[in-house]
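Okay, my_file_15.pdb now, which holds PDB, C-alpha atoms:
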```pdb
ATOM      1  CA  MET B 331      -4.974  -7.987  -0.889
ATOM      2  CA  VAL B 332      -5.503  -9.855   2.375
ATOM      3  CA  PHE B 333      -5.056 -13.174   0.577
ATOM      4  CA  PHE B 334      -1.797 -12.075  -1.043
ATOM      5  CA  ALA B 335       0.121 -10.582   1.895
ATOM      6  CA  ARG B 336       0.734 -13.861   3.734
ATOM      7  CA  PRO B 337       1.805 -15.906   0.663
ATOM      8  CA  VAL B 338       4.029 -13.052  -0.504
ATOM      9  CA  GLU B 339       5.620 -12.934   2.945
ATOM     10  CA  LYS B 340       6.344 -16.673   2.716
ATOM     11  CA  LYS B 341       7.972 -16.216  -0.711
ATOM     12  CA  ILE B 342      10.262 -13.482   0.589
ATOM     13  CA  GLY B 343      11.182 -15.319   3.792
ATOM     14  CA  PHE B 344      14.847 -14.540   3.158
ATOM     15  CA  VAL B 345      14.248 -10.847   3.956
ATOM     16  CA  ARG B 346      15.395  -9.987   7.446
ATOM     17  CA  PRO B 347      14.375  -8.555   9.923
ATOM     18  CA  LYS B 348      10.767  -9.682  10.222
ATOM     19  CA  PHE B 349       9.275  -6.155  10.289
ATOM     20  CA  ALA B 350      10.996  -5.379   6.964
ATOM     21  CA  ARG B 351       9.634  -8.601   5.439
ATOM     22  CA  GLN B 352       6.118  -7.754   6.668
ATOM     23  CA  ALA B 353       6.310  -4.194   5.325
ATOM     24  CA  LEU B 354       7.575  -5.448   1.965
ATOM     25  CA  SER B 355       4.898  -8.142   1.724
ATOM     26  CA  VAL B 356       2.098  -5.654   2.452
ATOM     27  CA  ALA B 357       3.539  -3.209  -0.086
ATOM     28  CA  LEU B 358       3.871  -5.948  -2.725
ATOM     29  CA  ALA B 359       0.330  -7.196  -2.113
ATOM     30  CA  ALA B 360      -1.001  -3.636  -2.379
ATOM     31  CA  GLN B 361       0.963  -3.077  -5.608
ATOM     32  CA  ILE B 362      -0.304  -6.343  -7.106
ATOM     33  CA  PHE B 363      -3.942  -5.538  -6.394
ATOM     34  CA  THR B 364      -3.909  -1.871  -7.344
ATOM     35  CA  LEU B 365      -1.569  -1.999 -10.350
ATOM     36  CA  PRO B 366      -4.226  -2.829 -12.975
ATOM     37  CA  LEU B 367      -6.529  -0.065 -11.745
ATOM     38  CA  VAL B 368      -3.716   2.492 -11.529
ATOM     39  CA  VAL B 369      -2.540   1.713 -15.063
ATOM     40  CA  TYR B 370      -6.098   1.801 -16.413
ATOM     41  CA  ASN B 371      -7.014   5.105 -14.746
ATOM     42  CA  PHE B 372      -3.743   7.026 -14.924
ATOM     43  CA  GLY B 373      -1.846   5.372 -17.768
ATOM     44  CA  TYR B 374       1.431   4.976 -15.905
ATOM     45  CA  VAL B 375       3.226   3.013 -13.199
ATOM     46  CA  SER B 376       5.684   4.477 -10.743
ATOM     47  CA  SER B 377       9.101   2.919 -11.237
ATOM     48  CA  TYR B 378       9.994   3.495  -7.610
ATOM     49  CA  GLY B 379       6.538   2.957  -6.119
ATOM     50  CA  LEU B 380       7.353  -0.242  -4.283
ATOM     51  CA  LEU B 381      10.371   1.256  -2.536
ATOM     52  CA  ALA B 382       8.439   4.419  -1.672
ATOM     53  CA  ASN B 383       5.557   2.348  -0.276
ATOM     54  CA  VAL B 384       7.904   0.310   1.901
ATOM     55  CA  LEU B 385       9.350   3.536   3.312
ATOM     56  CA  VAL B 386       5.967   5.103   4.161
ATOM     57  CA  GLU B 387       3.847   2.012   4.927
ATOM     58  CA  PRO B 388       4.677   1.915   8.649
ATOM     59  CA  LEU B 389       3.230   5.440   9.033
ATOM     60  CA  VAL B 390      -0.017   4.914   7.122
ATOM     61  CA  SER B 391      -1.867   3.294  10.041
ATOM     62  CA  PHE B 392      -0.640   6.006  12.403
ATOM     63  CA  ILE B 393      -1.717   8.766  10.009
ATOM     64  CA  THR B 394      -5.140   7.209   9.532
ATOM     65  CA  ILE B 395      -5.908   6.515  13.198
ATOM     66  CA  TYR B 396      -4.298   9.653  14.606
ATOM     67  CA  GLY B 397      -5.976  11.743  11.909
ATOM     68  CA  PHE B 398      -9.369  10.374  12.927
ATOM     69  CA  VAL B 399      -8.686  11.067  16.616
ATOM     70  CA  LEU B 400      -7.361  14.520  15.731
ATOM     71  CA  ALA B 401     -10.517  15.314  13.758
ATOM     72  CA  ILE B 402     -12.660  14.436  16.777
ATOM     73  CA  CYS B 403     -10.433  16.464  19.123
ATOM     74  CA  GLY B 404     -10.511  19.399  16.718
ATOM     75  CA  ALA B 405     -14.294  19.239  16.568
ATOM     76  CA  ILE B 406     -14.492  19.320  20.353
ATOM     77  CA  SER B 407     -11.869  22.024  20.805
ATOM     78  CA  PRO B 408     -10.039  23.744  17.920
ATOM     79  CA  VAL B 409      -7.257  24.717  20.337
ATOM     80  CA  LEU B 410      -6.782  21.064  21.336
ATOM     81  CA  GLY B 411      -6.708  20.137  17.649
ATOM     82  CA  TRP B 412      -3.909  22.630  16.997
ATOM     83  CA  ILE B 413      -1.939  21.425  20.009
ATOM     84  CA  LEU B 414      -2.154  17.773  18.944
ATOM     85  CA  PHE B 415      -1.506  18.526  15.260
ATOM     86  CA  PHE B 416       2.322  18.451  15.352
ATOM     87  CA  PRO B 417       2.902  14.631  15.291
ATOM     88  CA  ILE B 418       0.662  14.110  12.269
ATOM     89  CA  TRP B 419       2.227  17.104  10.550
ATOM     90  CA  LEU B 420       5.642  15.433  10.942
ATOM     91  CA  ALA B 421       4.341  12.112   9.601
ATOM     92  CA  LEU B 422       2.631  13.755   6.622
ATOM     93  CA  SER B 423       5.697  15.897   5.907
ATOM     94  CA  TYR B 424       7.821  12.740   5.789
ATOM     95  CA  LEU B 425       5.304  11.009   3.505
ATOM     96  CA  LEU B 426       5.275  13.974   1.116
ATOM     97  CA  ALA B 427       9.077  14.273   1.191
ATOM     98  CA  VAL B 428       9.436  10.595   0.205
ATOM     99  CA  ASN B 429       6.856  11.103  -2.552
ATOM    100  CA  ASP B 430       8.563  14.228  -3.897
ATOM    101  CA  PHE B 431      11.994  12.601  -3.790
ATOM    102  CA  PHE B 432      10.989   9.536  -5.816
ATOM    103  CA  ALA B 433       8.808  11.540  -8.206
ATOM    104  CA  GLY B 434      11.809  13.720  -9.023
ATOM    105  CA  LEU B 435      14.120  10.837  -9.944
ATOM    106  CA  PRO B 436      14.814  10.113 -13.610
ATOM    107  CA  GLY B 437      12.483   7.497 -15.075
ATOM    108  CA  ALA B 438      10.039   7.885 -12.208
ATOM    109  CA  LYS B 439       7.138   6.616 -14.280
ATOM    110  CA  MET B 440       6.497   4.141 -17.078
ATOM    111  CA  GLU B 441       3.568   4.923 -19.339
ATOM    112  CA  PHE B 442       1.091   2.325 -20.634
ATOM    113  CA  GLU B 443      -2.179   2.369 -22.507
ATOM    114  CA  VAL B 444      -4.543  -0.289 -21.200
ATOM    115  CA  GLY B 445      -8.166  -0.829 -22.178
ATOM    116  CA  PHE B 446     -11.031  -2.068 -20.060
ATOM    117  CA  PHE B 447     -10.660  -5.635 -21.374
ATOM    118  CA  TRP B 448      -7.136  -5.895 -19.908
ATOM    119  CA  LEU B 449      -8.315  -4.386 -16.629
ATOM    120  CA  ALA B 450     -11.116  -6.945 -16.345
ATOM    121  CA  LEU B 451      -8.789  -9.774 -17.354
ATOM    122  CA  ALA B 452      -6.170  -8.735 -14.785
ATOM    123  CA  TYR B 453      -8.737  -8.691 -11.976
ATOM    124  CA  ALA B 454     -10.220 -12.009 -13.119
ATOM    125  CA  VAL B 455      -6.751 -13.556 -12.874
ATOM    126  CA  LEU B 456      -6.182 -11.957  -9.447
ATOM    127  CA  ALA B 457      -9.570 -13.240  -8.239
ATOM    128  CA  ALA B 458      -8.717 -16.753  -9.452
ATOM    129  CA  ILE B 459      -5.358 -16.642  -7.667
ATOM    130  CA  ALA B 460      -6.982 -15.332  -4.464
ATOM    131  CA  HIS B 461      -9.588 -18.109  -4.671
ATOM    132  CA  ARG B 462      -6.863 -20.722  -5.131
ATOM    133  CA  ILE B 463      -4.949 -19.355  -2.131
ATOM    134  CA  LYS B 464      -8.115 -19.427  -0.032
ATOM    135  CA  GLU B 465      -8.839 -23.025  -1.036
ATOM    136  CA  ARG B 466      -5.259 -24.094  -0.287
ATOM    137  CA  GLU B 467      -5.456 -22.499   3.170
ATOM    138  CA  LYS B 468      -8.818 -24.155   3.795
ATOM    139  CA  LEU B 469      -7.223 -27.532   3.071
ATOM    140  CA  ALA B 470      -4.198 -26.777   5.230
ATOM    141  CA  PHE B 471      -6.236 -25.565   8.226
ATOM    142  CA  PRO B 472      -9.513 -27.530   8.516
ATOM    143  CA  ARG B 473     -12.265 -25.911  10.558
TER     144      ARG B 473
END
```

Would you mind writing the file out in structure tokens?
Amino acid sequence: MVFFARPVEKKIGFVRPKFARQALSVALAAQIFTLPLVVYNFGYVSSYGLLANVLVEPLVSFITIYGFVLAICGAISPVLGWILFFPIWLALSYLLAVNDFFAGLPGAKMEFEVGFFWLALAYAVLAAIAHRIKEREKLAFPR
């Protein structure tokens, strides 16, 4: 995914402002790398997943880091954990509201049946593309 975010951002350079372009490029890179596994394991793709990811992506780092800090605070003092819980509750409530909204829309998922061969092939192609990107960057920025 790391190899895809920067090239994707370059391809969507027309998107303004910069923070929106960065959020979209991270969401696209995540979708590209997880799509084969999601289809293989669950048998469907969310039709609105990209849009939903763009809307919640800015909060994911906050939820992860603040959740970790909150867990430590809660272990030290349960009262402190309860006091500091409100911001993460708001962030998680927003995340779940976005999820519920898009899941409730018509045509929210497209179903597929994919075997292991296609999963392996998809990741082989992604690995080859990531390798090519890495080689191109190595040539562009010599060490």

Would you mind reading off the distance between CA of Ala457 (chain B) and CA of Pro337 (chain B), one decimal, in Å? 14.7 Å

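When all atoms listed in the file are used to measure the gap to Ala433 (chain B), the shortest distance among B:Trp419, B:Tyr378, B:Tyr396, B:Phe349 belongs to B:Tyr378.
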
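A straight line drawn from CA of Val384 (chain B) to CA of Asn429 (chain B) is 11.7 Å long.
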
Could you list, as a VMD selection string, every residue within 9 Å of Asn371 (chain B), counting only C-alpha atoms and ignoring same-chain residues fewer than 4 positions away? chain B and resid 366 to 367 444

Determine the residue membership of the PyMOL selection byres ((chain B and resi 374) around 9) for the file above and supply it as a PyMOL selection string. chain B and resi 368-373+375-376+439-443

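Atom to atom, CA of Leu420 (chain B) and CA of Gln352 (chain B) stand 23.6 Å apart.
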
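By all atoms listed in the file, and with residues fewer than 5 positions from Arg351 (chain B) along its chain excluded, the set lying at most 12 Å from it is Ala335, Arg336, Pro337, Val338, Glu339, Lys340, Lys341, Ile342, Gly343, Phe344, Val345, Arg346, Val356, Ala357, Leu358 and Val384 of chain B.
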
Given the file shown, determine the residues that the PyMOL selection byres ((chain B and resi 452) around 12) selects; report them as a short mmCIF file (atom, residue, chain, number, x, y, z; two decimals) with C-alpha atoms, in the frame of the given file.
```cif
data_model
loop_
_atom_site.label_atom_id
_atom_site.label_comp_id
_atom_site.auth_asym_id
_atom_site.auth_seq_id
_atom_site.Cartn_x
_atom_site.Cartn_y
_atom_site.Cartn_z
CA ILE B 362 -0.30 -6.34 -7.11
CA PHE B 363 -3.94 -5.54 -6.39
CA THR B 364 -3.91 -1.87 -7.34
CA LEU B 365 -1.57 -2.00 -10.35
CA PRO B 366 -4.23 -2.83 -12.98
CA LEU B 367 -6.53 -0.06 -11.74
CA VAL B 368 -3.72 2.49 -11.53
CA VAL B 369 -2.54 1.71 -15.06
CA TYR B 370 -6.10 1.80 -16.41
CA VAL B 444 -4.54 -0.29 -21.20
CA GLY B 445 -8.17 -0.83 -22.18
CA PHE B 446 -11.03 -2.07 -20.06
CA PHE B 447 -10.66 -5.64 -21.37
CA TRP B 448 -7.14 -5.90 -19.91
CA LEU B 449 -8.32 -4.39 -16.63
CA ALA B 450 -11.12 -6.94 -16.34
CA LEU B 451 -8.79 -9.77 -17.35
CA TYR B 453 -8.74 -8.69 -11.98
CA ALA B 454 -10.22 -12.01 -13.12
CA VAL B 455 -6.75 -13.56 -12.87
CA LEU B 456 -6.18 -11.96 -9.45
CA ALA B 457 -9.57 -13.24 -8.24
CA ALA B 458 -8.72 -16.75 -9.45
CA ILE B 459 -5.36 -16.64 -7.67
#
```

Result set, the PyMOL selection byres ((chain B and resi 388) around 12) on current file, as a ChimeraX atom specification: /B:349-350,352-354,356-357,382-387,389-394,421,424-425

The selected residues should be written to file as an mmCIF file, keeping the file's coordinate frame (atoms: C-alpha atoms).
```cif
data_model
loop_
_atom_site.group_PDB
_atom_site.id
_atom_site.type_symbol
_atom_site.label_atom_id
_atom_site.label_comp_id
_atom_site.auth_asym_id
_atom_site.auth_seq_id
_atom_site.Cartn_x
_atom_site.Cartn_y
_atom_site.Cartn_z
ATOM 1 C CA PHE B 349 9.275 -6.155 10.289
ATOM 2 C CA ALA B 350 10.996 -5.379 6.964
ATOM 3 C CA GLN B 352 6.118 -7.754 6.668
ATOM 4 C CA ALA B 353 6.310 -4.194 5.325
ATOM 5 C CA LEU B 354 7.575 -5.448 1.965
ATOM 6 C CA VAL B 356 2.098 -5.654 2.452
ATOM 7 C CA ALA B 357 3.539 -3.209 -0.086
ATOM 8 C CA ALA B 382 8.439 4.419 -1.672
ATOM 9 C CA ASN B 383 5.557 2.348 -0.276
ATOM 10 C CA VAL B 384 7.904 0.310 1.901
ATOM 11 C CA LEU B 385 9.350 3.536 3.312
ATOM 12 C CA VAL B 386 5.967 5.103 4.161
ATOM 13 C CA GLU B 387 3.847 2.012 4.927
ATOM 14 C CA LEU B 389 3.230 5.440 9.033
ATOM 15 C CA VAL B 390 -0.017 4.914 7.122
ATOM 16 C CA SER B 391 -1.867 3.294 10.041
ATOM 17 C CA PHE B 392 -0.640 6.006 12.403
ATOM 18 C CA ILE B 393 -1.717 8.766 10.009
ATOM 19 C CA THR B 394 -5.140 7.209 9.532
ATOM 20 C CA ALA B 421 4.341 12.112 9.601
ATOM 21 C CA TYR B 424 7.821 12.740 5.789
ATOM 22 C CA LEU B 425 5.304 11.009 3.505
#
```

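With distances restricted to only C-alpha atoms, B:Gly397 is the closest residue to Phe415 (chain B) from B:Ile402, B:Gly397, B:Arg466, B:Val428.
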
Could you write out as AutoDock Vina command-line options the box around region 440-452 of chain B (axis-aligned, all atoms listed in the file, 3 Å on each side), with centre and edge lengths in Å to one decimal?
```
--center_x -2.3 --center_y -2.4 --center_z -18.6 --size_x 23.6 --size_y 20.7 --size_z 13.7
```

Take region 350-453 of chain B from the block and save it with C-alpha atoms, as a PDB file, in the first residue's frame.
```pdb
ATOM      1  CA  ALA B 350      -8.600  15.797  -0.037  1.00  0.00           C
ATOM      2  CA  ARG B 351      -6.172  14.446  -2.653  1.00  0.00           C
ATOM      3  CA  GLN B 352      -4.076  12.790   0.078  1.00  0.00           C
ATOM      4  CA  ALA B 353      -7.136  11.243   1.740  1.00  0.00           C
ATOM      5  CA  LEU B 354      -8.395   9.950  -1.608  1.00  0.00           C
ATOM      6  CA  SER B 355      -5.001   8.524  -2.574  1.00  0.00           C
ATOM      7  CA  VAL B 356      -4.659   6.660   0.738  1.00  0.00           C
ATOM      8  CA  ALA B 357      -8.211   5.326   0.414  1.00  0.00           C
ATOM      9  CA  LEU B 358      -7.601   4.220  -3.190  1.00  0.00           C
ATOM     10  CA  ALA B 359      -4.314   2.530  -2.289  1.00  0.00           C
ATOM     11  CA  ALA B 360      -6.003   0.727   0.611  1.00  0.00           C
ATOM     12  CA  GLN B 361      -8.874  -0.368  -1.659  1.00  0.00           C
ATOM     13  CA  ILE B 362      -6.464  -1.627  -4.328  1.00  0.00           C
ATOM     14  CA  PHE B 363      -4.468  -3.725  -1.878  1.00  0.00           C
ATOM     15  CA  THR B 364      -7.346  -5.121   0.152  1.00  0.00           C
ATOM     16  CA  LEU B 365      -9.897  -5.666  -2.627  1.00  0.00           C
ATOM     17  CA  PRO B 366      -8.718  -9.154  -3.666  1.00  0.00           C
ATOM     18  CA  LEU B 367      -8.674 -10.382  -0.068  1.00  0.00           C
ATOM     19  CA  VAL B 368     -12.069  -8.856   0.732  1.00  0.00           C
ATOM     20  CA  VAL B 369     -13.664 -10.427  -2.344  1.00  0.00           C
ATOM     21  CA  TYR B 370     -12.044 -13.798  -1.630  1.00  0.00           C
ATOM     22  CA  ASN B 371     -13.055 -13.891   2.044  1.00  0.00           C
ATOM     23  CA  PHE B 372     -16.460 -12.209   1.980  1.00  0.00           C
ATOM     24  CA  GLY B 373     -17.638 -12.628  -1.605  1.00  0.00           C
ATOM     25  CA  TYR B 374     -18.673  -9.019  -2.126  1.00  0.00           C
ATOM     26  CA  VAL B 375     -17.394  -5.488  -2.668  1.00  0.00           C
ATOM     27  CA  SER B 376     -18.946  -2.382  -1.198  1.00  0.00           C
ATOM     28  CA  SER B 377     -20.209  -0.125  -3.965  1.00  0.00           C
ATOM     29  CA  TYR B 378     -19.725   2.944  -1.813  1.00  0.00           C
ATOM     30  CA  GLY B 379     -16.626   1.795   0.065  1.00  0.00           C
ATOM     31  CA  LEU B 380     -14.243   4.297  -1.461  1.00  0.00           C
ATOM     32  CA  LEU B 381     -16.446   7.266  -0.605  1.00  0.00           C
ATOM     33  CA  ALA B 382     -17.047   5.946   2.913  1.00  0.00           C
ATOM     34  CA  ASN B 383     -13.303   5.423   3.421  1.00  0.00           C
ATOM     35  CA  VAL B 384     -12.525   8.963   2.297  1.00  0.00           C
ATOM     36  CA  LEU B 385     -15.053  10.289   4.814  1.00  0.00           C
ATOM     37  CA  VAL B 386     -13.677   8.306   7.780  1.00  0.00           C
ATOM     38  CA  GLU B 387      -9.964   8.052   6.893  1.00  0.00           C
ATOM     39  CA  PRO B 388      -8.949  11.282   8.649  1.00  0.00           C
ATOM     40  CA  LEU B 389     -10.286   9.872  11.950  1.00  0.00           C
ATOM     41  CA  VAL B 390      -8.664   6.435  11.778  1.00  0.00           C
ATOM     42  CA  SER B 391      -5.267   7.601  13.072  1.00  0.00           C
ATOM     43  CA  PHE B 392      -6.937   9.560  15.867  1.00  0.00           C
ATOM     44  CA  ILE B 393      -9.079   6.573  16.865  1.00  0.00           C
ATOM     45  CA  THR B 394      -6.085   4.249  16.866  1.00  0.00           C
ATOM     46  CA  ILE B 395      -3.695   6.487  18.812  1.00  0.00           C
ATOM     47  CA  TYR B 396      -6.266   7.939  21.200  1.00  0.00           C
ATOM     48  CA  GLY B 397      -7.701   4.467  21.790  1.00  0.00           C
ATOM     49  CA  PHE B 398      -4.263   3.190  22.782  1.00  0.00           C
ATOM     50  CA  VAL B 399      -3.705   6.139  25.137  1.00  0.00           C
ATOM     51  CA  LEU B 400      -7.215   5.700  26.532  1.00  0.00           C
ATOM     52  CA  ALA B 401      -6.569   2.013  27.222  1.00  0.00           C
ATOM     53  CA  ILE B 402      -3.453   2.904  29.217  1.00  0.00           C
ATOM     54  CA  CYS B 403      -5.287   5.662  31.115  1.00  0.00           C
ATOM     55  CA  GLY B 404      -8.173   3.303  31.827  1.00  0.00           C
ATOM     56  CA  ALA B 405      -5.773   0.688  33.152  1.00  0.00           C
ATOM     57  CA  ILE B 406      -4.214   3.237  35.486  1.00  0.00           C
ATOM     58  CA  SER B 407      -7.498   4.775  36.604  1.00  0.00           C
ATOM     59  CA  PRO B 408     -10.935   3.600  35.409  1.00  0.00           C
ATOM     60  CA  VAL B 409     -12.372   6.994  36.377  1.00  0.00           C
ATOM     61  CA  LEU B 410      -9.800   8.763  34.182  1.00  0.00           C
ATOM     62  CA  GLY B 411     -10.669   6.372  31.356  1.00  0.00           C
ATOM     63  CA  TRP B 412     -14.354   7.284  31.613  1.00  0.00           C
ATOM     64  CA  ILE B 413     -13.577  10.998  31.713  1.00  0.00           C
ATOM     65  CA  LEU B 414     -11.390  10.831  28.599  1.00  0.00           C
ATOM     66  CA  PHE B 415     -13.753   8.488  26.731  1.00  0.00           C
ATOM     67  CA  PHE B 416     -16.045  11.140  25.188  1.00  0.00           C
ATOM     68  CA  PRO B 417     -13.841  12.257  22.216  1.00  0.00           C
ATOM     69  CA  ILE B 418     -13.287   8.704  20.997  1.00  0.00           C
ATOM     70  CA  TRP B 419     -16.965   7.925  21.487  1.00  0.00           C
ATOM     71  CA  LEU B 420     -17.801  10.835  19.155  1.00  0.00           C
ATOM     72  CA  ALA B 421     -15.271   9.676  16.552  1.00  0.00           C
ATOM     73  CA  LEU B 422     -16.494   6.073  16.675  1.00  0.00           C
ATOM     74  CA  SER B 423     -20.132   7.189  16.539  1.00  0.00           C
ATOM     75  CA  TYR B 424     -19.360   9.169  13.380  1.00  0.00           C
ATOM     76  CA  LEU B 425     -17.522   6.200  11.845  1.00  0.00           C
ATOM     77  CA  LEU B 426     -20.454   3.880  12.568  1.00  0.00           C
ATOM     78  CA  ALA B 427     -22.990   6.426  11.290  1.00  0.00           C
ATOM     79  CA  VAL B 428     -21.110   6.706   7.971  1.00  0.00           C
ATOM     80  CA  ASN B 429     -20.936   2.906   7.770  1.00  0.00           C
ATOM     81  CA  ASP B 430     -24.643   2.463   8.513  1.00  0.00           C
ATOM     82  CA  PHE B 431     -25.632   5.172   6.039  1.00  0.00           C
ATOM     83  CA  PHE B 432     -23.729   3.671   3.101  1.00  0.00           C
ATOM     84  CA  ALA B 433     -24.672   0.098   4.011  1.00  0.00           C
ATOM     85  CA  GLY B 434     -28.335   1.092   3.870  1.00  0.00           C
ATOM     86  CA  LEU B 435     -28.181   2.569   0.363  1.00  0.00           C
ATOM     87  CA  PRO B 436     -29.566   0.568  -2.556  1.00  0.00           C
ATOM     88  CA  GLY B 437     -26.922  -1.514  -4.318  1.00  0.00           C
ATOM     89  CA  ALA B 438     -24.537  -1.189  -1.394  1.00  0.00           C
ATOM     90  CA  LYS B 439     -22.691  -4.359  -2.324  1.00  0.00           C
ATOM     91  CA  MET B 440     -21.718  -6.284  -5.441  1.00  0.00           C
ATOM     92  CA  GLU B 441     -21.318 -10.021  -5.018  1.00  0.00           C
ATOM     93  CA  PHE B 442     -18.528 -12.083  -6.608  1.00  0.00           C
ATOM     94  CA  GLU B 443     -17.263 -15.624  -6.346  1.00  0.00           C
ATOM     95  CA  VAL B 444     -13.479 -15.743  -6.515  1.00  0.00           C
ATOM     96  CA  GLY B 445     -11.247 -18.764  -6.003  1.00  0.00           C
ATOM     97  CA  PHE B 446      -7.793 -18.929  -4.495  1.00  0.00           C
ATOM     98  CA  PHE B 447      -6.125 -18.897  -7.931  1.00  0.00           C
ATOM     99  CA  TRP B 448      -7.562 -15.432  -8.685  1.00  0.00           C
ATOM    100  CA  LEU B 449      -6.560 -14.191  -5.239  1.00  0.00           C
ATOM    101  CA  ALA B 450      -2.975 -15.354  -5.755  1.00  0.00           C
ATOM    102  CA  LEU B 451      -2.902 -13.938  -9.281  1.00  0.00           C
ATOM    103  CA  ALA B 452      -4.222 -10.558  -8.111  1.00  0.00           C
ATOM    104  CA  TYR B 453      -1.550 -10.289  -5.415  1.00  0.00           C
TER     105      TYR B 453
END
```
